[in-house]
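model03.csv follows (CSV, C-alpha atoms and all ligand atoms):
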```
chain,number,residue,atom,x,y,z
A,1,MET,CA,172.7,-124.5,9.2
A,2,THR,CA,173.2,-120.7,9.1
A,3,GLU,CA,170.0,-119.5,10.8
A,4,ALA,CA,168.5,-120.3,14.2
A,5,SER,CA,165.3,-121.4,12.4
A,6,LEU,CA,164.0,-124.2,14.6
A,7,PRO,CA,160.7,-123.0,16.1
A,8,SER,CA,161.4,-123.0,19.8
A,9,ALA,CA,165.0,-121.8,19.6
A,10,ALA,CA,165.5,-118.6,21.4
A,11,LEU,CA,167.9,-116.6,23.5
A,12,ILE,CA,166.1,-115.1,26.5
A,13,GLY,CA,167.7,-112.5,28.8
A,14,VAL,CA,166.1,-113.1,32.2
A,15,GLY,CA,166.4,-110.4,34.9
A,16,VAL,CA,166.8,-112.0,38.3
A,17,GLY,CA,166.6,-108.9,40.5
A,18,PRO,CA,169.4,-107.4,42.6
A,19,GLY,CA,170.0,-110.2,45.0
A,20,ASP,CA,167.1,-111.4,47.2
A,21,PRO,CA,165.7,-114.6,45.5
A,22,GLU,CA,162.2,-113.5,46.5
A,23,LEU,CA,162.5,-110.7,43.9
A,24,LEU,CA,162.6,-113.1,41.0
A,25,THR,CA,159.3,-112.7,39.1
A,26,VAL,CA,157.0,-115.6,38.5
A,27,ARG,CA,157.7,-115.2,34.8
A,28,ALA,CA,161.4,-115.4,35.3
A,29,VAL,CA,161.1,-118.6,37.3
A,30,ARG,CA,158.9,-120.2,34.6
A,31,VAL,CA,161.2,-119.2,31.8
A,32,ILE,CA,164.2,-120.5,33.7
A,33,ARG,CA,162.4,-123.8,34.4
A,34,GLU,CA,161.2,-124.2,30.8
A,35,SER,CA,164.6,-123.4,29.2
A,36,ASP,CA,166.9,-126.2,27.8
A,37,ARG,CA,169.9,-124.5,29.3
A,38,VAL,CA,170.6,-121.7,31.8
A,39,LEU,CA,173.7,-119.6,31.3
A,40,ALA,CA,175.1,-117.2,33.9
A,41,PRO,CA,177.9,-114.7,33.7
A,42,SER,CA,180.8,-115.4,36.0
A,43,SER,CA,184.3,-114.0,36.6
A,44,ALA,CA,185.9,-117.5,36.5
A,45,VAL,CA,184.8,-121.0,35.7
A,46,ASP,CA,185.1,-121.9,39.4
A,47,ALA,CA,183.4,-118.8,40.7
A,48,VAL,CA,179.6,-118.7,41.4
A,49,GLY,CA,178.4,-115.4,39.9
A,50,ARG,CA,175.7,-113.3,41.6
A,51,ALA,CA,173.0,-114.2,39.1
A,52,GLU,CA,173.8,-117.9,39.4
A,53,SER,CA,173.6,-117.7,43.2
A,54,ILE,CA,170.1,-116.1,43.0
A,55,VAL,CA,168.9,-118.8,40.5
A,56,ARG,CA,170.2,-121.6,42.7
A,57,GLN,CA,168.2,-120.3,45.7
A,58,ALA,CA,165.0,-119.5,43.7
A,59,CYS,CA,165.0,-122.5,41.4
A,60,PRO,CA,166.7,-125.3,43.3
A,61,GLY,CA,168.0,-128.2,41.1
A,62,THR,CA,168.5,-125.9,38.1
A,63,ARG,CA,171.7,-126.7,36.3
A,64,VAL,CA,173.6,-123.4,35.6
A,65,GLU,CA,176.4,-123.1,33.0
A,66,ARG,CA,178.9,-120.3,33.6
A,67,LEU,CA,180.0,-117.9,30.9
A,68,VAL,CA,183.3,-116.4,31.9
A,69,PHE,CA,183.6,-112.7,31.4
A,70,ASP,CA,187.0,-111.2,31.7
A,71,MET,CA,186.6,-107.5,32.0
A,72,GLY,CA,190.1,-107.0,30.6
A,73,GLN,CA,189.1,-109.0,27.5
A,74,ALA,CA,185.5,-107.9,27.2
A,75,THR,CA,185.2,-108.3,23.4
A,76,THR,CA,186.7,-111.8,23.4
A,77,SER,CA,184.4,-112.8,26.3
A,78,ILE,CA,181.4,-111.5,24.5
A,79,ASP,CA,182.4,-113.3,21.3
A,80,GLU,CA,182.9,-116.6,23.1
A,81,ALA,CA,179.6,-116.3,24.9
A,82,ALA,CA,177.8,-115.4,21.6
A,83,ARG,CA,179.4,-118.4,19.9
A,84,MET,CA,178.2,-120.7,22.7
A,85,VAL,CA,174.7,-119.3,22.4
A,86,VAL,CA,174.7,-119.6,18.6
A,87,ALA,CA,175.7,-123.3,18.8
A,88,GLY,CA,172.8,-123.9,21.1
A,89,LEU,CA,170.3,-121.9,18.9
A,90,ASP,CA,171.4,-123.9,15.9
A,91,THR,CA,170.3,-127.2,17.6
A,92,GLY,CA,166.9,-125.7,18.5
A,93,GLU,CA,167.6,-124.9,22.2
A,94,ARG,CA,165.9,-122.3,24.4
A,95,LEU,CA,168.7,-120.6,26.3
A,96,ALA,CA,168.0,-118.4,29.4
A,97,PHE,CA,170.8,-115.9,30.0
A,98,VAL,CA,170.3,-114.8,33.6
A,99,THR,CA,171.5,-111.3,34.6
A,100,LEU,CA,171.3,-109.1,37.7
A,101,GLY,CA,168.4,-106.6,37.8
A,102,ASP,CA,166.9,-105.9,34.4
A,103,PRO,CA,168.4,-107.3,31.2
A,104,ASN,CA,167.8,-104.1,29.3
A,105,VAL,CA,169.6,-101.8,31.7
A,106,TYR,CA,173.4,-101.8,31.9
A,107,SER,CA,173.6,-105.6,31.3
A,108,THR,CA,176.2,-107.8,29.6
A,109,PHE,CA,173.2,-109.5,28.1
A,110,SER,CA,172.7,-106.6,25.6
A,111,SER,CA,176.2,-107.0,24.3
A,112,VAL,CA,175.9,-110.7,23.9
A,113,ALA,CA,172.5,-110.4,22.2
A,114,ALA,CA,173.9,-107.8,19.8
A,115,ARG,CA,176.7,-110.2,18.8
A,116,VAL,CA,174.3,-113.1,18.4
A,117,ARG,CA,172.2,-110.9,16.2
A,118,GLU,CA,175.2,-110.2,14.0
A,119,LEU,CA,176.0,-114.0,13.7
A,120,ARG,CA,172.3,-115.1,13.3
A,121,PRO,CA,170.2,-112.2,12.1
A,122,GLY,CA,167.0,-114.3,12.3
A,123,ALA,CA,167.5,-115.5,15.8
A,124,ALA,CA,164.6,-115.1,18.3
A,125,ILE,CA,165.9,-112.9,21.1
A,126,GLU,CA,163.6,-112.0,24.0
A,127,THR,CA,163.8,-110.5,27.5
A,128,VAL,CA,162.1,-111.0,30.8
A,129,PRO,CA,162.2,-107.8,32.9
A,130,GLY,CA,163.7,-107.9,36.4
A,131,ILE,CA,163.4,-105.7,39.5
A,132,MET,CA,166.3,-103.2,39.5
A,133,ALA,CA,168.6,-102.4,42.4
A,134,PHE,CA,167.3,-98.9,42.8
A,135,GLN,CA,163.7,-100.1,43.2
A,136,GLU,CA,164.8,-102.5,46.0
A,137,LEU,CA,166.8,-99.6,47.6
A,138,ALA,CA,163.8,-97.3,47.4
A,139,SER,CA,161.6,-99.9,49.1
A,140,ARG,CA,164.2,-100.9,51.8
A,141,SER,CA,165.0,-97.2,52.7
A,142,GLY,CA,161.4,-95.9,52.5
A,143,THR,CA,162.4,-93.4,49.7
A,144,VAL,CA,159.7,-92.0,47.4
A,145,VAL,CA,161.6,-91.7,44.1
A,146,LEU,CA,159.2,-89.7,42.0
A,147,GLN,CA,155.9,-87.8,42.5
A,148,ASN,CA,153.7,-85.7,40.2
A,149,THR,CA,155.8,-84.2,37.3
A,150,GLU,CA,159.2,-85.0,38.8
A,151,ARG,CA,161.8,-86.6,36.5
A,152,LEU,CA,164.4,-89.3,37.0
A,153,ALA,CA,168.0,-89.5,35.8
A,154,LEU,CA,169.8,-92.8,36.0
A,155,ILE,CA,173.5,-92.3,35.6
A,156,THR,CA,176.7,-94.2,36.2
A,157,ALA,CA,179.8,-92.9,38.0
A,158,LEU,CA,182.0,-95.4,36.2
A,159,ASP,CA,184.1,-92.6,34.8
A,160,GLY,CA,184.1,-90.6,38.0
A,161,PRO,CA,181.9,-88.7,40.4
A,162,ALA,CA,181.8,-85.6,38.2
A,163,ALA,CA,178.9,-87.4,36.3
A,164,LEU,CA,176.8,-86.4,39.3
A,165,ASP,CA,177.1,-82.6,38.9
A,166,GLY,CA,175.0,-82.0,35.8
A,167,ALA,CA,172.3,-84.3,37.0
A,168,LEU,CA,172.0,-82.4,40.3
A,169,ASP,CA,171.3,-79.1,38.6
A,170,ASP,CA,167.6,-79.7,38.4
A,171,PRO,CA,166.0,-79.8,41.8
A,172,THR,CA,162.9,-81.5,40.5
A,173,GLN,CA,165.0,-84.4,39.2
A,174,ALA,CA,165.7,-87.5,41.2
A,175,VAL,CA,169.1,-89.0,40.5
A,176,VAL,CA,170.0,-92.7,40.7
A,177,VAL,CA,173.7,-93.5,40.6
A,178,TYR,CA,175.0,-96.9,39.5
A,179,LYS,CA,178.6,-98.1,39.5
A,180,GLY,CA,179.7,-95.4,41.9
A,181,GLY,CA,180.7,-97.4,45.0
A,182,ARG,CA,184.4,-96.6,45.0
A,183,HIS,CA,183.5,-92.9,44.6
A,184,LEU,CA,181.1,-92.8,47.5
A,185,PRO,CA,183.1,-90.3,49.7
A,186,GLU,CA,183.5,-87.9,46.8
A,187,MET,CA,179.9,-88.2,45.8
A,188,ALA,CA,178.8,-87.4,49.4
A,189,LYS,CA,180.9,-84.2,49.2
A,190,ARG,CA,179.3,-83.2,45.8
A,191,LEU,CA,175.8,-83.9,47.2
A,192,ALA,CA,176.5,-81.7,50.3
A,193,ALA,CA,177.9,-78.9,48.1
A,194,ALA,CA,174.7,-79.1,46.0
A,195,GLY,CA,172.4,-79.1,49.1
A,196,ARG,CA,171.2,-82.6,48.1
A,197,LEU,CA,172.8,-84.8,50.8
A,198,ASP,CA,169.7,-84.8,53.1
A,199,GLY,CA,167.5,-87.7,52.0
A,200,ALA,CA,170.2,-89.3,49.8
A,201,VAL,CA,170.4,-93.1,50.5
A,202,MET,CA,172.9,-95.8,49.6
A,203,GLY,CA,172.4,-99.6,49.2
A,204,GLU,CA,175.4,-101.8,49.0
A,205,LEU,CA,175.1,-105.6,48.1
A,206,LEU,CA,171.3,-105.4,48.3
A,207,GLY,CA,169.9,-108.9,49.1
A,208,LEU,CA,173.4,-110.3,49.3
A,209,PRO,CA,175.9,-111.1,52.1
A,210,GLY,CA,177.4,-107.9,53.4
A,211,GLU,CA,174.3,-105.8,52.6
A,212,ARG,CA,174.2,-102.2,53.9
A,213,VAL,CA,171.3,-99.7,53.5
A,214,GLY,CA,171.4,-96.2,54.9
A,215,PRO,CA,171.8,-92.5,54.4
A,216,VAL,CA,174.7,-91.5,52.2
A,217,ALA,CA,175.8,-89.1,55.0
A,218,GLU,CA,176.4,-92.0,57.3
A,219,ALA,CA,177.9,-94.5,54.8
A,220,ALA,CA,180.4,-92.3,53.0
A,221,GLU,CA,183.4,-92.6,55.4
A,222,GLY,CA,185.0,-94.9,52.8
A,223,PRO,CA,184.4,-96.5,49.4
A,224,ALA,CA,181.6,-99.1,48.9
A,225,ALA,CA,181.6,-102.2,46.8
A,226,TYR,CA,181.0,-102.2,43.0
A,227,LEU,CA,177.4,-103.3,43.7
A,228,ALA,CA,176.3,-100.1,45.4
A,229,THR,CA,173.4,-97.8,44.4
A,230,VAL,CA,172.6,-94.3,45.4
A,231,ILE,CA,169.2,-92.5,45.2
A,232,VAL,CA,169.1,-88.7,45.5
A,233,PRO,CA,165.4,-87.7,45.8
A,234,PRO,CA,164.2,-84.4,44.3
A,235,VAL,CA,164.3,-81.4,46.7
A,236,SER,CA,161.3,-79.5,45.3
A,237,ARG,CA,158.5,-81.2,47.2
B,301,LIG,C1,176.2,-103.8,35.5
B,301,LIG,S1,175.1,-102.8,36.4
B,301,LIG,C2,173.7,-103.9,36.5
B,301,LIG,C3,172.4,-103.2,36.6
B,301,LIG,C4,171.2,-104.1,36.5
B,301,LIG,N1,171.0,-104.7,35.2
B,301,LIG,C5,169.9,-103.4,37.0
B,301,LIG,O1,169.0,-103.4,36.2
B,301,LIG,O2,169.8,-103.0,38.1
B,301,LIG,C6,175.7,-102.9,38.0
B,301,LIG,C7,175.3,-101.8,38.9
B,301,LIG,O3,173.9,-102.1,39.3
B,301,LIG,C8,173.8,-101.7,40.7
B,301,LIG,N2,173.4,-103.0,41.4
B,301,LIG,C9,173.1,-104.2,40.9
B,301,LIG,N3,172.8,-105.1,41.8
B,301,LIG,C10,173.0,-104.4,43.0
B,301,LIG,C11,172.8,-104.8,44.4
B,301,LIG,N4,172.5,-106.1,44.7
B,301,LIG,N5,173.0,-103.9,45.3
B,301,LIG,C12,173.4,-102.6,45.0
B,301,LIG,N6,173.5,-102.2,43.8
B,301,LIG,C13,173.3,-103.1,42.8
B,301,LIG,C14,175.1,-101.1,41.1
B,301,LIG,O4,175.0,-99.7,41.0
B,301,LIG,C15,176.1,-101.8,40.2
B,301,LIG,O5,177.3,-101.0,40.1
```
Let me see the structure of the file written as structure tokens.
Ligand SMILES: C[S@@+](CC[C@H](N)C(=O)[O-])C[C@H]1O[C@@H](n2cnc3c(N)ncnc32)[C@H](O)[C@@H]1O
Amino acid sequence: MTEASLPSAALIGVGVGPGDPELLTVRAVRVIRESDRVLAPSSAVDAVGRAESIVRQACPGTRVERLVFDMGQATTSIDEAARMVVAGLDTGERLAFVTLGDPNVYSTFSSVAARVRELRPGAAIETVPGIMAFQELASRSGTVVLQNTERLALITALDGPAALDGALDDPTQAVVVYKGGRHLPEMAKRLAAAGRLDGAVMGELLGLPGERVGPVAEAAEGPAAYLATVIVPPVSR
């Protein structure tokens, strides 16, 4: 068989929210329960990944299979995950791939789905949206992200805190920073220099053990975890 042609076969990227199991949508829970198999990214076969841990709490009794992603061998990991998915699709399975936040925003799911599409161009691939970390941070910190005609820039500081500078130029633009935990002290300095430190908030490990939520000005004495998000609201209100 070269195509995933059985009618129910599908790969479904399911967003499970940032951490609190209460933030799984009703649709996500239904799709997880109706799937033949639930796959979750993990850093090692014996390590419970974040998405798996959320599913275990929200859908007790669900069997979760781990897909090991080695960030040093990302292409190999994606290939192996895609091959496992394709083997399931070829036997008519519905596979839920659970992922933190939303599956269409900075998610490994997109890379796996693209590889599956190359191997099986006719495969059914769907997604279930998930609540994103910045939405939970806005709620927990009481931050209004956008009003009226204001705009939003969602950026990553993966390549360094300089990514912030261009995004701060427009005072009507809110800025959300992902993947910037280790640069938090430097980001705070750049926010202060741009007059944008007031009102900027940080959420680390939202909904997970070790959670911290508060003003960037108070949290930036040292680096934060990889799972940290910053919201810089517009200044022009
Ligand atoms: C690979 S991206 C995943 C984004 C996710 N797909 C989303 O829609 O929110 C990882 C980044 O998302 C943010 N993030 C995800 N979960 C988080 C959490 N529980 N607490 C704080 N930030 C989180 C952090 O900025 C982290 O570096």
*Quick one: residues within 8 Å of (185.4, -96.1, 43.7) (file frame), counting all atoms listed in the file, please, as a ChimeraX atom specification.*
/A:180-184,223-226
Let me see the file: selected residues, C-alpha atoms, as an mmCIF file, keeping the file's coordinate frame.
```cif
data_model
loop_
_atom_site.group_PDB
_atom_site.id
_atom_site.type_symbol
_atom_site.label_atom_id
_atom_site.label_comp_id
_atom_site.auth_asym_id
_atom_site.auth_seq_id
_atom_site.Cartn_x
_atom_site.Cartn_y
_atom_site.Cartn_z
ATOM 1 C CA GLY A 180 179.700 -95.400 41.900
ATOM 2 C CA GLY A 181 180.700 -97.400 45.000
ATOM 3 C CA ARG A 182 184.400 -96.600 45.000
ATOM 4 C CA HIS A 183 183.500 -92.900 44.600
ATOM 5 C CA LEU A 184 181.100 -92.800 47.500
ATOM 6 C CA PRO A 223 184.400 -96.500 49.400
ATOM 7 C CA ALA A 224 181.600 -99.100 48.900
ATOM 8 C CA ALA A 225 181.600 -102.200 46.800
ATOM 9 C CA TYR A 226 181.000 -102.200 43.000
#
```
_Need the shell around Pro233 of chain A: protein/DNA/RNA residues with any atom at most 7 Å away, counting only C-alpha atoms. Skip same-chain ones fewer than 5 positions apart. Format as a PyMOL selection string?_
chain A and resi 145+174-175+199-200
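Here atom C2 of ligand LIG 301 (chain B) stands at a distance of 13.1 Å from atom CA of Val230 of chain A.
Between atom CA of Val216 of chain A and atom CA of Met202 of chain A the interatomic distance comes to 5.3 Å.
The nearest approach to Glu204 of chain A among the residues A:Thr143, A:Ser111, A:Glu136, A:Leu152, with all atoms listed in the file taken into account, belongs to A:Glu136.
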Would you list the contacts of Val232 of chain A as a compact mmCIF listing (two decimals) with C-alpha atoms, keeping the file's coordinate frame, taking every protein, DNA or RNA residue within 12 Å and counting all atoms listed in the file, but skipping same-chain residues closer than 3 positions in sequence?
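Printed below is selection20.txt as written:
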```txt
# COMPACT_ATOMS: atom_id res chain seq x y z
CA PHE A 134 167.30 -98.90 42.80
CA LEU A 137 166.80 -99.60 47.60
CA ALA A 138 163.80 -97.30 47.40
CA SER A 141 165.00 -97.20 52.70
CA THR A 143 162.40 -93.40 49.70
CA VAL A 144 159.70 -92.00 47.40
CA VAL A 145 161.60 -91.70 44.10
CA LEU A 146 159.20 -89.70 42.00
CA ARG A 151 161.80 -86.60 36.50
CA LEU A 152 164.40 -89.30 37.00
CA ALA A 153 168.00 -89.50 35.80
CA LEU A 154 169.80 -92.80 36.00
CA ILE A 155 173.50 -92.30 35.60
CA LEU A 164 176.80 -86.40 39.30
CA ALA A 167 172.30 -84.30 37.00
CA LEU A 168 172.00 -82.40 40.30
CA ASP A 170 167.60 -79.70 38.40
CA PRO A 171 166.00 -79.80 41.80
CA THR A 172 162.90 -81.50 40.50
CA GLN A 173 165.00 -84.40 39.20
CA ALA A 174 165.70 -87.50 41.20
CA VAL A 175 169.10 -89.00 40.50
CA VAL A 176 170.00 -92.70 40.70
CA VAL A 177 173.70 -93.50 40.60
CA TYR A 178 175.00 -96.90 39.50
CA MET A 187 179.90 -88.20 45.80
CA ALA A 188 178.80 -87.40 49.40
CA ARG A 190 179.30 -83.20 45.80
CA LEU A 191 175.80 -83.90 47.20
CA ALA A 192 176.50 -81.70 50.30
CA ALA A 194 174.70 -79.10 46.00
CA GLY A 195 172.40 -79.10 49.10
CA ARG A 196 171.20 -82.60 48.10
CA LEU A 197 172.80 -84.80 50.80
CA ASP A 198 169.70 -84.80 53.10
CA GLY A 199 167.50 -87.70 52.00
CA ALA A 200 170.20 -89.30 49.80
CA VAL A 201 170.40 -93.10 50.50
CA MET A 202 172.90 -95.80 49.60
CA GLY A 203 172.40 -99.60 49.20
CA PRO A 215 171.80 -92.50 54.40
CA VAL A 216 174.70 -91.50 52.20
CA ALA A 217 175.80 -89.10 55.00
CA THR A 229 173.40 -97.80 44.40
CA VAL A 235 164.30 -81.40 46.70
```
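Distances here use all atoms listed in the file; by that measure, the residue among A:Leu23, A:Ala10, A:Val116, A:Ala82 closest to ligand LIG 301 (chain B) is A:Leu23.
By only C-alpha atoms, and with residues fewer than 4 positions from Asp79 of chain A along its chain excluded, the set lying at most 9 Å from it is Ala74, Thr75, Arg83, Met84, Val112, Arg115 and Val116 of chain A.
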Output the selection as a PDB file, in the coordinates of the input - C-alpha atoms for each residue.
```
ATOM      1  CA  ALA A  74     185.500-107.900  27.200  1.00  0.00           C
ATOM      2  CA  THR A  75     185.200-108.300  23.400  1.00  0.00           C
ATOM      3  CA  ARG A  83     179.400-118.400  19.900  1.00  0.00           C
ATOM      4  CA  MET A  84     178.200-120.700  22.700  1.00  0.00           C
ATOM      5  CA  VAL A 112     175.900-110.700  23.900  1.00  0.00           C
ATOM      6  CA  ARG A 115     176.700-110.200  18.800  1.00  0.00           C
ATOM      7  CA  VAL A 116     174.300-113.100  18.400  1.00  0.00           C
TER       8      VAL A 116
END
```
Let me have all residues with an atom within 9 Å of ligand LIG 301 (chain B), counting all atoms listed in the file, laid out as a PDB file with C-alpha atoms, in the coordinates of the input.
```pdb
ATOM      1  CA  GLY A  15     166.400-110.400  34.900  1.00  0.00           C
ATOM      2  CA  VAL A  16     166.800-112.000  38.300  1.00  0.00           C
ATOM      3  CA  GLY A  17     166.600-108.900  40.500  1.00  0.00           C
ATOM      4  CA  PRO A  18     169.400-107.400  42.600  1.00  0.00           C
ATOM      5  CA  GLY A  19     170.000-110.200  45.000  1.00  0.00           C
ATOM      6  CA  ASP A  20     167.100-111.400  47.200  1.00  0.00           C
ATOM      7  CA  ARG A  50     175.700-113.300  41.600  1.00  0.00           C
ATOM      8  CA  THR A  99     171.500-111.300  34.600  1.00  0.00           C
ATOM      9  CA  LEU A 100     171.300-109.100  37.700  1.00  0.00           C
ATOM     10  CA  GLY A 101     168.400-106.600  37.800  1.00  0.00           C
ATOM     11  CA  ASP A 102     166.900-105.900  34.400  1.00  0.00           C
ATOM     12  CA  PRO A 103     168.400-107.300  31.200  1.00  0.00           C
ATOM     13  CA  ASN A 104     167.800-104.100  29.300  1.00  0.00           C
ATOM     14  CA  VAL A 105     169.600-101.800  31.700  1.00  0.00           C
ATOM     15  CA  TYR A 106     173.400-101.800  31.900  1.00  0.00           C
ATOM     16  CA  SER A 107     173.600-105.600  31.300  1.00  0.00           C
ATOM     17  CA  THR A 108     176.200-107.800  29.600  1.00  0.00           C
ATOM     18  CA  PHE A 109     173.200-109.500  28.100  1.00  0.00           C
ATOM     19  CA  PRO A 129     162.200-107.800  32.900  1.00  0.00           C
ATOM     20  CA  GLY A 130     163.700-107.900  36.400  1.00  0.00           C
ATOM     21  CA  ILE A 131     163.400-105.700  39.500  1.00  0.00           C
ATOM     22  CA  MET A 132     166.300-103.200  39.500  1.00  0.00           C
ATOM     23  CA  ALA A 133     168.600-102.400  42.400  1.00  0.00           C
ATOM     24  CA  PHE A 134     167.300 -98.900  42.800  1.00  0.00           C
ATOM     25  CA  GLN A 135     163.700-100.100  43.200  1.00  0.00           C
ATOM     26  CA  GLU A 136     164.800-102.500  46.000  1.00  0.00           C
ATOM     27  CA  LEU A 137     166.800 -99.600  47.600  1.00  0.00           C
ATOM     28  CA  THR A 156     176.700 -94.200  36.200  1.00  0.00           C
ATOM     29  CA  ALA A 157     179.800 -92.900  38.000  1.00  0.00           C
ATOM     30  CA  LEU A 158     182.000 -95.400  36.200  1.00  0.00           C
ATOM     31  CA  VAL A 176     170.000 -92.700  40.700  1.00  0.00           C
ATOM     32  CA  VAL A 177     173.700 -93.500  40.600  1.00  0.00           C
ATOM     33  CA  TYR A 178     175.000 -96.900  39.500  1.00  0.00           C
ATOM     34  CA  LYS A 179     178.600 -98.100  39.500  1.00  0.00           C
ATOM     35  CA  GLY A 180     179.700 -95.400  41.900  1.00  0.00           C
ATOM     36  CA  GLY A 181     180.700 -97.400  45.000  1.00  0.00           C
ATOM     37  CA  MET A 202     172.900 -95.800  49.600  1.00  0.00           C
ATOM     38  CA  GLY A 203     172.400 -99.600  49.200  1.00  0.00           C
ATOM     39  CA  GLU A 204     175.400-101.800  49.000  1.00  0.00           C
ATOM     40  CA  LEU A 205     175.100-105.600  48.100  1.00  0.00           C
ATOM     41  CA  LEU A 206     171.300-105.400  48.300  1.00  0.00           C
ATOM     42  CA  GLY A 207     169.900-108.900  49.100  1.00  0.00           C
ATOM     43  CA  LEU A 208     173.400-110.300  49.300  1.00  0.00           C
ATOM     44  CA  GLU A 211     174.300-105.800  52.600  1.00  0.00           C
ATOM     45  CA  ARG A 212     174.200-102.200  53.900  1.00  0.00           C
ATOM     46  CA  ALA A 225     181.600-102.200  46.800  1.00  0.00           C
ATOM     47  CA  TYR A 226     181.000-102.200  43.000  1.00  0.00           C
ATOM     48  CA  LEU A 227     177.400-103.300  43.700  1.00  0.00           C
ATOM     49  CA  ALA A 228     176.300-100.100  45.400  1.00  0.00           C
ATOM     50  CA  THR A 229     173.400 -97.800  44.400  1.00  0.00           C
ATOM     51  CA  VAL A 230     172.600 -94.300  45.400  1.00  0.00           C
TER      52      VAL A 230
END
```
_Please list as a list of chain:residue names every residue within 8 Å of Ala81 of chain A, counting all atoms listed in the file and excluding residues in the same chain fewer than 4 positions away._
A:Leu67, A:Val68, A:Ser77, A:Val85, A:Val112
Just to be explicit: take each residue in the selection above, keep C-alpha atoms, and write the result as a PDB file, keeping the file's coordinate frame.
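The resulting again.pdb:
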```
ATOM      1  CA  LEU A  67     180.000-117.900  30.900  1.00  0.00           C
ATOM      2  CA  VAL A  68     183.300-116.400  31.900  1.00  0.00           C
ATOM      3  CA  SER A  77     184.400-112.800  26.300  1.00  0.00           C
ATOM      4  CA  VAL A  85     174.700-119.300  22.400  1.00  0.00           C
ATOM      5  CA  VAL A 112     175.900-110.700  23.900  1.00  0.00           C
TER       6      VAL A 112
END
```
*Residue neighbourhood Pro21 of chain A, 9 Å, only C-alpha atoms, exclusion window fewer than 6 positions, as a ChimeraX atom specification*: /A:53-59,207
*So what do you get for atom CA of Glu126 of chain A versus atom CA of Val38 of chain A, distance-wise?*
14.3 Å
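Counting only C-alpha atoms, the residue from A:Glu34, A:Asp159, A:Glu118, A:Glu52 that sits nearest to Val98 of chain A is A:Glu52.
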